[in-house]
file entry.pdb (PDB, C-alpha atoms)
ATOM      1  CA  MET A   1       0.000   0.000   0.000
ATOM      2  CA  LYS A   2       1.377   3.415  -0.996
ATOM      3  CA  GLU A   3       1.965   5.942   1.778
ATOM      4  CA  SER A   4       0.584   9.395   1.056
ATOM      5  CA  VAL A   5       0.637  12.821   2.702
ATOM      6  CA  THR A   6      -1.655  15.851   2.529
ATOM      7  CA  ILE A   7      -0.203  19.127   1.211
ATOM      8  CA  GLU A   8      -0.458  22.025   3.658
ATOM      9  CA  LYS A   9       1.669  24.598   1.851
ATOM     10  CA  ILE A  10       3.541  24.744  -1.465
ATOM     11  CA  LEU A  11       6.904  26.510  -1.060
ATOM     12  CA  ASN A  12       7.934  26.089  -4.695
ATOM     13  CA  ASN A  13       7.737  23.547  -7.532
ATOM     14  CA  ASN A  14      10.053  21.137  -5.711
ATOM     15  CA  VAL A  15       9.328  21.702  -2.007
ATOM     16  CA  VAL A  16       6.074  21.338  -0.067
ATOM     17  CA  ILE A  17       5.040  21.236   3.579
ATOM     18  CA  ALA A  18       2.664  18.347   4.222
ATOM     19  CA  GLU A  19       0.800  16.480   6.949
ATOM     20  CA  HIS A  20       2.295  13.028   7.524
ATOM     21  CA  PRO A  21       0.327  10.303   9.379
ATOM     22  CA  THR A  22       3.333   9.476  11.593
ATOM     23  CA  TYR A  23       5.610  12.528  11.679
ATOM     24  CA  HIS A  24       2.853  15.174  11.484
ATOM     25  CA  GLU A  25       4.192  18.266   9.667
ATOM     26  CA  VAL A  26       7.060  17.417   7.310
ATOM     27  CA  VAL A  27       8.959  19.011   4.435
ATOM     28  CA  LEU A  28       8.976  17.002   1.204
ATOM     29  CA  ILE A  29      11.661  17.640  -1.400
ATOM     30  CA  GLY A  30      11.234  16.119  -4.861
ATOM     31  CA  LYS A  31      11.419  17.099  -8.498
ATOM     32  CA  GLY A  32       8.131  18.743  -9.569
ATOM     33  CA  LEU A  33       6.474  17.785  -6.277
ATOM     34  CA  GLY A  34       4.621  21.084  -5.872
ATOM     35  CA  PHE A  35       3.914  21.761  -9.543
ATOM     36  CA  ASN A  36       0.217  22.232 -10.363
ATOM     37  CA  ARG A  37      -0.834  21.190  -6.855
ATOM     38  CA  LYS A  38      -2.773  22.985  -4.118
ATOM     39  CA  HIS A  39      -3.525  22.883  -0.400
ATOM     40  CA  GLY A  40      -5.323  19.671   0.587
ATOM     41  CA  ASP A  41      -4.051  17.556  -2.331
ATOM     42  CA  LYS A  42      -2.791  14.063  -1.538
ATOM     43  CA  VAL A  43       0.708  13.125  -2.714
ATOM     44  CA  ASP A  44       2.251   9.651  -2.778
ATOM     45  CA  LEU A  45       5.667   9.635  -1.103
ATOM     46  CA  ASP A  46       7.149   7.808  -4.084
ATOM     47  CA  HIS A  47       5.714  10.358  -6.556
ATOM     48  CA  ALA A  48       9.075  11.759  -7.655
ATOM     49  CA  ASP A  49      12.149   9.823  -8.784
ATOM     50  CA  LYS A  50      13.320  10.369  -5.233
ATOM     51  CA  THR A  51      11.459  12.171  -2.468
ATOM     52  CA  PHE A  52      13.409  13.328   0.559
ATOM     53  CA  LEU A  53      11.509  13.687   3.798
ATOM     54  CA  LEU A  54      12.549  16.269   6.399
ATOM     55  CA  LYS A  55      10.907  15.236   9.647
ATOM     56  CA  ASN A  56      13.305  16.654  12.264
ATOM     57  CA  GLU A  57      11.771  19.891  13.552
ATOM     58  CA  GLN A  58      15.050  21.828  13.679
ATOM     59  CA  GLU A  59      16.241  20.633  10.249
ATOM     60  CA  LYS A  60      12.832  21.445   8.782
ATOM     61  CA  GLU A  61      12.878  24.993  10.155
ATOM     62  CA  GLN A  62      16.455  25.622   8.969
ATOM     63  CA  TYR A  63      15.659  24.341   5.480
ATOM     64  CA  VAL A  64      12.521  26.480   5.136
ATOM     65  CA  ASN A  65      14.501  29.547   6.300
ATOM     66  CA  LEU A  66      17.197  28.768   3.718
ATOM     67  CA  LEU A  67      14.785  28.574   0.756
ATOM     68  CA  PRO A  68      14.362  32.349   0.125
ATOM     69  CA  TYR A  69      18.140  32.677  -0.365
ATOM     70  CA  VAL A  70      18.474  29.843  -2.894
ATOM     71  CA  GLU A  71      17.188  29.838  -6.483
ATOM     72  CA  GLU A  72      14.590  27.214  -7.347
ATOM     73  CA  ASP A  73      16.673  25.848 -10.242
ATOM     74  CA  PHE A  74      19.523  25.272  -7.801
ATOM     75  CA  LEU A  75      17.223  23.369  -5.408
ATOM     76  CA  ASP A  76      16.224  21.153  -8.332
ATOM     77  CA  PHE A  77      19.928  20.594  -9.071
ATOM     78  CA  MET A  78      20.589  19.825  -5.382
ATOM     79  CA  ASN A  79      17.946  17.117  -5.581
ATOM     80  CA  ASP A  80      19.942  15.510  -8.445
ATOM     81  CA  ILE A  81      23.163  15.810  -6.435
ATOM     82  CA  LEU A  82      21.657  14.201  -3.317
ATOM     83  CA  VAL A  83      20.082  11.379  -5.338
ATOM     84  CA  HIS A  84      23.522  10.752  -6.885
ATOM     85  CA  ILE A  85      25.274  10.747  -3.486
ATOM     86  CA  GLU A  86      22.718   8.383  -1.942
ATOM     87  CA  LYS A  87      22.890   6.032  -4.921
ATOM     88  CA  ARG A  88      26.707   5.976  -4.945
ATOM     89  CA  MET A  89      27.009   5.503  -1.166
ATOM     90  CA  GLY A  90      24.312   2.805  -1.220
ATOM     91  CA  ILE A  91      22.839   4.054   2.051
ATOM     92  CA  SER A  92      20.150   6.512   3.132
ATOM     93  CA  LEU A  93      21.455   9.980   3.942
ATOM     94  CA  ASN A  94      20.778  11.693   7.242
ATOM     95  CA  GLU A  95      18.331  14.497   6.550
ATOM     96  CA  HIS A  96      20.648  17.194   7.922
ATOM     97  CA  ILE A  97      22.619  17.052   4.630
ATOM     98  CA  HIS A  98      19.743  18.898   2.909
ATOM     99  CA  VAL A  99      20.401  21.983   4.983
ATOM    100  CA  ALA A 100      24.167  21.597   5.402
ATOM    101  CA  LEU A 101      25.217  20.718   1.838
ATOM    102  CA  THR A 102      22.658  22.991   0.133
ATOM    103  CA  ASP A 103      23.867  25.894   2.256
ATOM    104  CA  HIS A 104      27.534  25.002   1.733
ATOM    105  CA  LEU A 105      27.341  24.568  -2.060
ATOM    106  CA  ALA A 106      25.282  27.750  -2.515
ATOM    107  CA  PHE A 107      27.977  29.772  -0.745
ATOM    108  CA  ALA A 108      30.808  27.821  -2.433
ATOM    109  CA  ILE A 109      29.353  28.723  -5.842
ATOM    110  CA  ASN A 110      29.107  32.356  -4.769
ATOM    111  CA  ARG A 111      32.744  32.293  -3.597
ATOM    112  CA  ALA A 112      33.917  30.706  -6.858
ATOM    113  CA  GLN A 113      31.999  33.260  -8.951
ATOM    114  CA  ASN A 114      33.720  36.042  -7.016
ATOM    115  CA  GLY A 115      37.168  34.467  -7.448
ATOM    116  CA  MET A 116      37.632  33.735  -3.747
ATOM    117  CA  GLN A 117      40.212  30.966  -3.228
ATOM    118  CA  PHE A 118      40.945  29.111  -0.025
ATOM    119  CA  SER A 119      42.808  26.010   1.079
ATOM    120  CA  ASN A 120      41.739  23.033   3.168
ATOM    121  CA  PRO A 121      44.519  22.069   5.612
ATOM    122  CA  PHE A 122      43.088  18.553   6.079
ATOM    123  CA  LEU A 123      42.713  17.650   2.406
ATOM    124  CA  ILE A 124      45.199  14.755   2.415
ATOM    125  CA  GLU A 125      43.833  13.381   5.710
ATOM    126  CA  ILE A 126      40.254  13.548   4.410
ATOM    127  CA  GLU A 127      41.188  11.754   1.180
ATOM    128  CA  SER A 128      42.962   9.070   3.202
ATOM    129  CA  LEU A 129      40.189   8.599   5.765
ATOM    130  CA  TYR A 130      37.116   8.889   3.561
ATOM    131  CA  SER A 131      38.273   7.703   0.131
ATOM    132  CA  LYS A 132      34.795   6.779  -1.166
ATOM    133  CA  GLU A 133      33.269  10.064   0.002
ATOM    134  CA  TYR A 134      36.228  11.903  -1.559
ATOM    135  CA  GLN A 135      35.657  10.174  -4.914
ATOM    136  CA  ILE A 136      31.960  11.088  -4.825
ATOM    137  CA  ALA A 137      32.921  14.681  -3.957
ATOM    138  CA  HIS A 138      34.920  14.663  -7.230
ATOM    139  CA  GLU A 139      31.749  13.574  -9.021
ATOM    140  CA  VAL A 140      29.681  16.326  -7.360
ATOM    141  CA  VAL A 141      32.269  18.929  -8.415
ATOM    142  CA  ALA A 142      32.084  17.541 -11.985
ATOM    143  CA  MET A 143      28.273  17.857 -11.889
ATOM    144  CA  VAL A 144      28.581  21.508 -10.815
ATOM    145  CA  LYS A 145      31.080  22.146 -13.603
ATOM    146  CA  GLU A 146      28.829  20.544 -16.229
ATOM    147  CA  ARG A 147      25.612  22.200 -15.045
ATOM    148  CA  MET A 148      26.876  25.655 -14.007
ATOM    149  CA  ASP A 149      30.325  25.933 -15.648
ATOM    150  CA  ILE A 150      31.905  26.718 -12.271
ATOM    151  CA  ASP A 151      35.353  25.475 -11.251
ATOM    152  CA  PHE A 152      35.723  24.768  -7.544
ATOM    153  CA  PRO A 153      39.139  25.052  -5.844
ATOM    154  CA  GLU A 154      40.602  21.730  -4.710
ATOM    155  CA  GLY A 155      39.833  22.515  -1.077
ATOM    156  CA  GLU A 156      36.112  22.137  -1.794
ATOM    157  CA  LEU A 157      36.567  18.405  -2.387
ATOM    158  CA  GLY A 158      37.455  17.928   1.268
ATOM    159  CA  PHE A 159      34.509  19.936   2.572
ATOM    160  CA  ILE A 160      31.998  18.138   0.321
ATOM    161  CA  ALA A 161      33.475  14.750   1.337
ATOM    162  CA  LEU A 162      33.028  15.688   5.017
ATOM    163  CA  HIS A 163      29.381  16.599   4.433
ATOM    164  CA  ILE A 164      28.824  13.229   2.722
ATOM    165  CA  HIS A 165      30.596  11.359   5.527
ATOM    166  CA  SER A 166      28.544  13.237   8.116
ATOM    167  CA  ALA A 167      25.305  12.289   6.320
ATOM    168  CA  VAL A 168      26.075   8.550   6.211
ATOM    169  CA  THR A 169      27.508   8.203   9.743
ATOM    170  CA  ASP A 170      25.268  10.593  11.712
ATOM    171  CA  LYS A 171      28.391  12.311  13.032
ATOM    172  CA  SER A 172      28.252  16.084  13.200
ATOM    173  CA  LEU A 173      30.724  18.089  11.097
ATOM    174  CA  ARG A 174      31.895  19.642  14.351
ATOM    175  CA  ASP A 175      32.937  16.223  15.722
ATOM    176  CA  ILE A 176      34.556  15.182  12.419
ATOM    177  CA  ASN A 177      36.588  18.415  12.251
ATOM    178  CA  ARG A 178      37.519  18.151  15.924
ATOM    179  CA  HIS A 179      38.813  14.607  15.368
ATOM    180  CA  ASN A 180      40.819  15.670  12.301
ATOM    181  CA  GLN A 181      42.393  18.475  14.332
ATOM    182  CA  LEU A 182      43.216  15.987  17.091
ATOM    183  CA  ILE A 183      44.892  13.673  14.554
ATOM    184  CA  SER A 184      46.995  16.596  13.245
ATOM    185  CA  LYS A 185      48.000  17.429  16.814
ATOM    186  CA  LEU A 186      48.978  13.802  17.504
ATOM    187  CA  ILE A 187      51.094  13.645  14.340
ATOM    188  CA  ALA A 188      52.886  16.884  15.336
ATOM    189  CA  ILE A 189      53.680  15.303  18.736
ATOM    190  CA  ILE A 190      55.024  12.179  16.991
ATOM    191  CA  GLU A 191      57.278  14.271  14.703
ATOM    192  CA  ASP A 192      58.630  16.222  17.683
ATOM    193  CA  ASN A 193      59.302  13.171  19.830
ATOM    194  CA  ILE A 194      60.955  10.808  17.360
ATOM    195  CA  ASP A 195      62.606  13.539  15.293
ATOM    196  CA  VAL A 196      61.107  12.461  11.985
ATOM    197  CA  LYS A 197      59.311  14.439   9.293
ATOM    198  CA  ILE A 198      56.407  12.333   8.086
ATOM    199  CA  THR A 199      55.764  12.759   4.367
ATOM    200  CA  LYS A 200      52.046  13.257   3.874
ATOM    201  CA  GLN A 201      52.085  11.375   0.563
ATOM    202  CA  SER A 202      53.744   8.267   2.078
ATOM    203  CA  ILE A 203      51.933   4.982   2.695
ATOM    204  CA  ASN A 204      53.071   5.046   6.336
ATOM    205  CA  TYR A 205      51.407   8.425   6.829
ATOM    206  CA  HIS A 206      48.110   7.126   5.409
ATOM    207  CA  ARG A 207      48.313   4.020   7.609
ATOM    208  CA  LEU A 208      49.022   6.111  10.694
ATOM    209  CA  VAL A 209      46.159   8.562  10.007
ATOM    210  CA  GLN A 210      43.712   5.706   9.413
ATOM    211  CA  HIS A 211      44.894   3.935  12.551
ATOM    212  CA  LEU A 212      44.502   7.052  14.726
ATOM    213  CA  HIS A 213      41.054   7.552  13.231
ATOM    214  CA  ARG A 214      40.075   3.973  14.126
ATOM    215  CA  VAL A 215      41.438   4.460  17.656
ATOM    216  CA  ILE A 216      39.155   7.491  18.100
ATOM    217  CA  ASP A 217      36.182   5.523  16.762
ATOM    218  CA  ARG A 218      36.920   2.637  19.151
ATOM    219  CA  ILE A 219      37.196   5.082  22.063
ATOM    220  CA  TYR A 220      33.711   6.423  21.298
ATOM    221  CA  LEU A 221      32.287   2.920  20.850
ATOM    222  CA  GLU A 222      34.096   1.908  24.084
ATOM    223  CA  GLU A 223      35.408  -1.218  22.385
ATOM    224  CA  GLN A 224      37.976  -3.210  24.336
ATOM    225  CA  GLY A 225      41.121  -4.384  22.620
ATOM    226  CA  MET A 226      42.762  -7.735  23.270
ATOM    227  CA  GLU A 227      44.801  -7.872  26.450
ATOM    228  CA  GLU A 228      48.123  -8.911  24.977
ATOM    229  CA  LEU A 229      50.224  -8.311  28.080
ATOM    230  CA  LYS A 230      53.221 -10.353  26.923
ATOM    231  CA  LEU A 231      53.401  -8.483  23.624
ATOM    232  CA  GLY A 232      53.057  -5.192  25.481
ATOM    233  CA  GLU A 233      55.979  -6.041  27.782
ATOM    234  CA  MET A 234      58.116  -7.123  24.835
ATOM    235  CA  LEU A 235      57.432  -3.894  22.919
ATOM    236  CA  LYS A 236      58.091  -1.819  26.042
ATOM    237  CA  ASN A 237      61.527  -3.421  26.424
ATOM    238  CA  GLU A 238      62.368  -3.574  22.716
ATOM    239  CA  TYR A 239      61.125  -0.122  21.657
ATOM    240  CA  PRO A 240      60.948   2.056  24.806
ATOM    241  CA  VAL A 241      60.902   5.405  22.932
ATOM    242  CA  CYS A 242      57.964   4.407  20.724
ATOM    243  CA  TYR A 243      56.146   2.685  23.601
ATOM    244  CA  ASN A 244      56.421   5.765  25.840
ATOM    245  CA  LEU A 245      55.359   8.015  22.953
ATOM    246  CA  ALA A 246      52.312   5.767  22.372
ATOM    247  CA  TRP A 247      51.246   6.388  25.977
ATOM    248  CA  LYS A 248      51.847  10.107  25.573
ATOM    249  CA  LEU A 249      49.482  10.116  22.571
ATOM    250  CA  ILE A 250      46.908   8.100  24.490
ATOM    251  CA  LYS A 251      46.946  10.637  27.338
ATOM    252  CA  VAL A 252      46.412  13.488  24.849
ATOM    253  CA  MET A 253      43.430  11.614  23.360
ATOM    254  CA  GLN A 254      41.982  10.914  26.804
ATOM    255  CA  ARG A 255      42.185  14.583  27.752
ATOM    256  CA  GLN A 256      40.789  15.862  24.462
ATOM    257  CA  LEU A 257      37.992  13.295  24.094
ATOM    258  CA  ASN A 258      37.309  13.047  27.825
ATOM    259  CA  LYS A 259      37.132   9.254  27.569
ATOM    260  CA  GLN A 260      39.213   6.296  28.715
ATOM    261  CA  VAL A 261      41.442   4.570  26.144
ATOM    262  CA  ASP A 262      41.946   0.816  26.322
ATOM    263  CA  GLU A 263      45.518  -0.196  27.229
ATOM    264  CA  ALA A 264      45.800  -2.464  24.182
ATOM    265  CA  GLU A 265      45.894   0.668  21.991
ATOM    266  CA  ALA A 266      49.461   1.306  23.242
ATOM    267  CA  ILE A 267      50.546  -1.943  21.556
ATOM    268  CA  TYR A 268      49.097  -1.062  18.159
ATOM    269  CA  LEU A 269      50.360   2.528  18.309
ATOM    270  CA  THR A 270      53.875   1.368  19.262
ATOM    271  CA  ILE A 271      53.989  -0.889  16.191
ATOM    272  CA  HIS A 272      52.888   1.981  13.913
ATOM    273  CA  LEU A 273      55.401   4.374  15.466
ATOM    274  CA  GLN A 274      58.228   1.858  15.133
ATOM    275  CA  ARG A 275      57.403   1.562  11.409
ATOM    276  CA  LEU A 276      57.931   5.310  11.045
ATOM    277  CA  THR A 277      61.415   5.196  12.580
ATOM    278  CA  GLN A 278      62.654   2.560  10.132
TER     279      GLN A 278
END
call {"tool": "encode", "arguments": {"input": "entry.pdb", "output": "structure tokens"}}
result
Amino acid sequence: MKESVTIEKILNNNVVIAEHPTYHEVVLIGKGLGFNRKHGDKVDLDHADKTFLLKNEQEKEQYVNLLPYVEEDFLDFMNDILVHIEKRMGISLNEHIHVALTDHLAFAINRAQNGMQFSNPFLIEIESLYSKEYQIAHEVVAMVKERMDIDFPEGELGFIALHIHSAVTDKSLRDINRHNQLISKLIAIIEDNIDVKITKQSINYHRLVQHLHRVIDRIYLEEQGMEELKLGEMLKNEYPVCYNLAWKLIKVMQRQLNKQVDEAEAIYLTIHLQRLTQ
């Protein structure tokens, strides 16, 4: 049986406010959804190629407030972009991407049209951590180029990838950025303590960044590592500098994330750090 909603207000050809049997008042976004319709009309949720449903009260309000500042043609284009992202990621997107990415791309286009350039200091880390999202960001940039003949600076790839990652993991951009900054801080501590300059293009750098990222994820999930006490003792005796540095990094993470870190992480970090010294 098809699920339908009742139109309360038509905001434009692609966006309507409707009464939903479960979520009450919702915002529906879909190509041609509001065209030739009026208050009280019933609309099937699968009417458009893809209909996005904004049911979170805060997201709904932010999106409606954003509409007057964005051209209708661009909203139609955003619908194509979000359908593409969802299809390529193979997973439903968190609804906050409608506000966040629409807002971001609208301003990014404005910046590009005015010749404003900027860099993204975490570009290499983002590409390493979120390779699929980064590839799809490339595709989004290509869509913008084809549709609007606008060239984005390279830094935009990182920001778009972060928005995509945020929408498929339910992490806020604030948390993602905070974790990337923490990883940069940890790498600076490593370089200072073992007197090595880590080349950002090297495989060891990518492995280290991905490992630190996984450590942070495990800390939040409160996963326990294996208690490999014998291995820990061996590494402590064999590689004391790297082992002590591993604990220094763990203490920084504990302070910054305000969470306990499992002792087994010292083992894995020591192995990664020892790789860097070779």
call {"tool": "residues_around", "arguments": {"input": "entry.pdb", "residues": "region 164-173 of chain A", "least_positions_apart": "6", "cutoff": "9 Å", "atoms": "only C-alpha atoms", "output": "PyMOL selection string"}}
result
chain A and resi 85-86+89+91-97+101+130+133-134+136-137
call {"tool": "write_last_selection", "arguments": {"input": "entry.pdb", "atoms": "C-alpha atoms", "output": "short mmCIF file (atom, residue, chain, number, x, y, z; two decimals), keeping the file's coordinate frame"}}
result
data_model
loop_
_atom_site.label_atom_id
_atom_site.label_comp_id
_atom_site.auth_asym_id
_atom_site.auth_seq_id
_atom_site.Cartn_x
_atom_site.Cartn_y
_atom_site.Cartn_z
CA ILE A 85 25.27 10.75 -3.49
CA GLU A 86 22.72 8.38 -1.94
CA MET A 89 27.01 5.50 -1.17
CA ILE A 91 22.84 4.05 2.05
CA SER A 92 20.15 6.51 3.13
CA LEU A 93 21.46 9.98 3.94
CA ASN A 94 20.78 11.69 7.24
CA GLU A 95 18.33 14.50 6.55
CA HIS A 96 20.65 17.19 7.92
CA ILE A 97 22.62 17.05 4.63
CA LEU A 101 25.22 20.72 1.84
CA TYR A 130 37.12 8.89 3.56
CA GLU A 133 33.27 10.06 0.00
CA TYR A 134 36.23 11.90 -1.56
CA ILE A 136 31.96 11.09 -4.82
CA ALA A 137 32.92 14.68 -3.96
#
call {"tool": "atom_distance", "arguments": {"input": "entry.pdb", "atom1": "CA of Arg214 (chain A)", "atom2": "CA of Arg255 (chain A)"}}
result
17.4 Å
call {"tool": "resolve_selection", "arguments": {"input": "entry.pdb", "expression": "the PyMOL selection byres ((chain A and resi 243) around 9)", "output": "list in words"}}
result
Gly232, Leu235, Lys236, Asn237, Glu238, Tyr239, Pro240, Val241, Cys242, Asn244, Leu245, Ala246, Trp247, Lys248, Ala266, Ile267, Leu269, Thr270, Ile271, Leu273 and Gln274 of chain A
call {"tool": "closest_residue", "arguments": {"input": "entry.pdb", "among": "A:Leu129, A:Lys42, A:Asp149, A:Leu28", "to": "His98 (chain A)", "atoms": "all atoms listed in the file"}}
result
A:Leu28
call {"tool": "residues_around", "arguments": {"input": "entry.pdb", "residues": "region 50-64 of chain A", "least_positions_apart": "5", "cutoff": "8 Å", "atoms": "only C-alpha atoms", "output": "number ranges by chain"}}
result
A: 23, 25-31, 45, 83, 95-96, 98-99
call {"tool": "write_last_selection", "arguments": {"input": "entry.pdb", "atoms": "C-alpha atoms", "output": "PDB file, keeping the file's coordinate frame"}}
result
ATOM      1  CA  TYR A  23       5.610  12.528  11.679  1.00  0.00           C
ATOM      2  CA  GLU A  25       4.192  18.266   9.667  1.00  0.00           C
ATOM      3  CA  VAL A  26       7.060  17.417   7.310  1.00  0.00           C
ATOM      4  CA  VAL A  27       8.959  19.011   4.435  1.00  0.00           C
ATOM      5  CA  LEU A  28       8.976  17.002   1.204  1.00  0.00           C
ATOM      6  CA  ILE A  29      11.661  17.640  -1.400  1.00  0.00           C
ATOM      7  CA  GLY A  30      11.234  16.119  -4.861  1.00  0.00           C
ATOM      8  CA  LYS A  31      11.419  17.099  -8.498  1.00  0.00           C
ATOM      9  CA  LEU A  45       5.667   9.635  -1.103  1.00  0.00           C
ATOM     10  CA  VAL A  83      20.082  11.379  -5.338  1.00  0.00           C
ATOM     11  CA  GLU A  95      18.331  14.497   6.550  1.00  0.00           C
ATOM     12  CA  HIS A  96      20.648  17.194   7.922  1.00  0.00           C
ATOM     13  CA  HIS A  98      19.743  18.898   2.909  1.00  0.00           C
ATOM     14  CA  VAL A  99      20.401  21.983   4.983  1.00  0.00           C
TER      15      VAL A  99
END
call {"tool": "resolve_selection", "arguments": {"input": "entry.pdb", "expression": "the PyMOL selection byres ((chain A and resi 126) around 10)", "output": "PyMOL selection string"}}
result
chain A and resi 120-125+127-131+133-134+157-159+161-162+165+176-177+180+209-210
call {"tool": "resolve_selection", "arguments": {"input": "entry.pdb", "expression": "the PyMOL selection byres ((chain A and resi 80) around 10)", "output": "PyMOL selection string"}}
result
chain A and resi 30-31+49-50+74-79+81-85+140+143
call {"tool": "write_last_selection", "arguments": {"input": "entry.pdb", "atoms": "C-alpha atoms", "output": "tab-separated table (two decimals), keeping the file's coordinate frame"}}
result
chain	number	residue	atom	x	y	z
A	30	GLY	CA	11.23	16.12	-4.86
A	31	LYS	CA	11.42	17.10	-8.50
A	49	ASP	CA	12.15	9.82	-8.78
A	50	LYS	CA	13.32	10.37	-5.23
A	74	PHE	CA	19.52	25.27	-7.80
A	75	LEU	CA	17.22	23.37	-5.41
A	76	ASP	CA	16.22	21.15	-8.33
A	77	PHE	CA	19.93	20.59	-9.07
A	78	MET	CA	20.59	19.82	-5.38
A	79	ASN	CA	17.95	17.12	-5.58
A	81	ILE	CA	23.16	15.81	-6.44
A	82	LEU	CA	21.66	14.20	-3.32
A	83	VAL	CA	20.08	11.38	-5.34
A	84	HIS	CA	23.52	10.75	-6.88
A	85	ILE	CA	25.27	10.75	-3.49
A	140	VAL	CA	29.68	16.33	-7.36
A	143	MET	CA	28.27	17.86	-11.89
call {"tool": "closest_residue", "arguments": {"input": "entry.pdb", "among": "A:Ile198, A:Met116, A:Ala188, A:Leu182", "to": "Gln254 (chain A)", "atoms": "all atoms listed in the file"}}
result
A:Leu182
call {"tool": "closest_residue", "arguments": {"input": "entry.pdb", "among": "A:His211, A:His104, A:Arg174, A:His24", "to": "Leu66 (chain A)", "atoms": "all atoms listed in the file"}}
result
A:His104
call {"tool": "build_atoms", "arguments": {"input": "entry.pdb", "residues": "region 91-105 of chain A", "atoms": "N, CA and C atoms", "output": "mmCIF file, in the frame of the given file"}}
result
data_model
loop_
_atom_site.group_PDB
_atom_site.id
_atom_site.type_symbol
_atom_site.label_atom_id
_atom_site.label_comp_id
_atom_site.auth_asym_id
_atom_site.auth_seq_id
_atom_site.Cartn_x
_atom_site.Cartn_y
_atom_site.Cartn_z
ATOM 1 N N ILE A 91 23.404 3.968 0.698
ATOM 2 C CA ILE A 91 22.839 4.054 2.051
ATOM 3 C C ILE A 91 22.023 5.333 2.152
ATOM 4 N N SER A 92 20.967 5.309 2.956
ATOM 5 C CA SER A 92 20.150 6.512 3.132
ATOM 6 C C SER A 92 20.954 7.610 3.817
ATOM 7 N N LEU A 93 20.738 8.842 3.371
ATOM 8 C CA LEU A 93 21.455 9.980 3.942
ATOM 9 C C LEU A 93 20.682 10.561 5.116
ATOM 10 N N ASN A 94 21.418 10.976 6.147
ATOM 11 C CA ASN A 94 20.778 11.693 7.242
ATOM 12 C C ASN A 94 20.205 12.995 6.697
ATOM 13 N N GLU A 95 19.016 13.353 7.147
ATOM 14 C CA GLU A 95 18.331 14.497 6.550
ATOM 15 C C GLU A 95 19.049 15.831 6.748
ATOM 16 N N HIS A 96 19.973 15.910 7.701
ATOM 17 C CA HIS A 96 20.648 17.194 7.922
ATOM 18 C C HIS A 96 21.497 17.628 6.723
ATOM 19 N N ILE A 97 21.815 16.677 5.801
ATOM 20 C CA ILE A 97 22.619 17.052 4.630
ATOM 21 C C ILE A 97 21.865 18.020 3.718
ATOM 22 N N HIS A 98 20.531 17.992 3.761
ATOM 23 C CA HIS A 98 19.743 18.898 2.909
ATOM 24 C C HIS A 98 20.020 20.348 3.259
ATOM 25 N N VAL A 99 20.092 20.621 4.538
ATOM 26 C CA VAL A 99 20.401 21.983 4.983
ATOM 27 C C VAL A 99 21.892 22.253 4.800
ATOM 28 N N ALA A 100 22.724 21.356 5.343
ATOM 29 C CA ALA A 100 24.167 21.597 5.402
ATOM 30 C C ALA A 100 24.814 21.695 4.028
ATOM 31 N N LEU A 101 24.546 20.719 3.139
ATOM 32 C CA LEU A 101 25.217 20.718 1.838
ATOM 33 C C LEU A 101 24.607 21.744 0.891
ATOM 34 N N THR A 102 23.290 21.950 0.962
ATOM 35 C CA THR A 102 22.658 22.991 0.133
ATOM 36 C C THR A 102 23.243 24.351 0.480
ATOM 37 N N ASP A 103 23.319 24.624 1.774
ATOM 38 C CA ASP A 103 23.867 25.894 2.256
ATOM 39 C C ASP A 103 25.325 26.033 1.837
ATOM 40 N N HIS A 104 26.099 24.959 2.035
ATOM 41 C CA HIS A 104 27.534 25.002 1.733
ATOM 42 C C HIS A 104 27.787 25.227 0.242
ATOM 43 N N LEU A 105 27.102 24.452 -0.616
ATOM 44 C CA LEU A 105 27.341 24.568 -2.060
ATOM 45 C C LEU A 105 26.868 25.914 -2.612
#
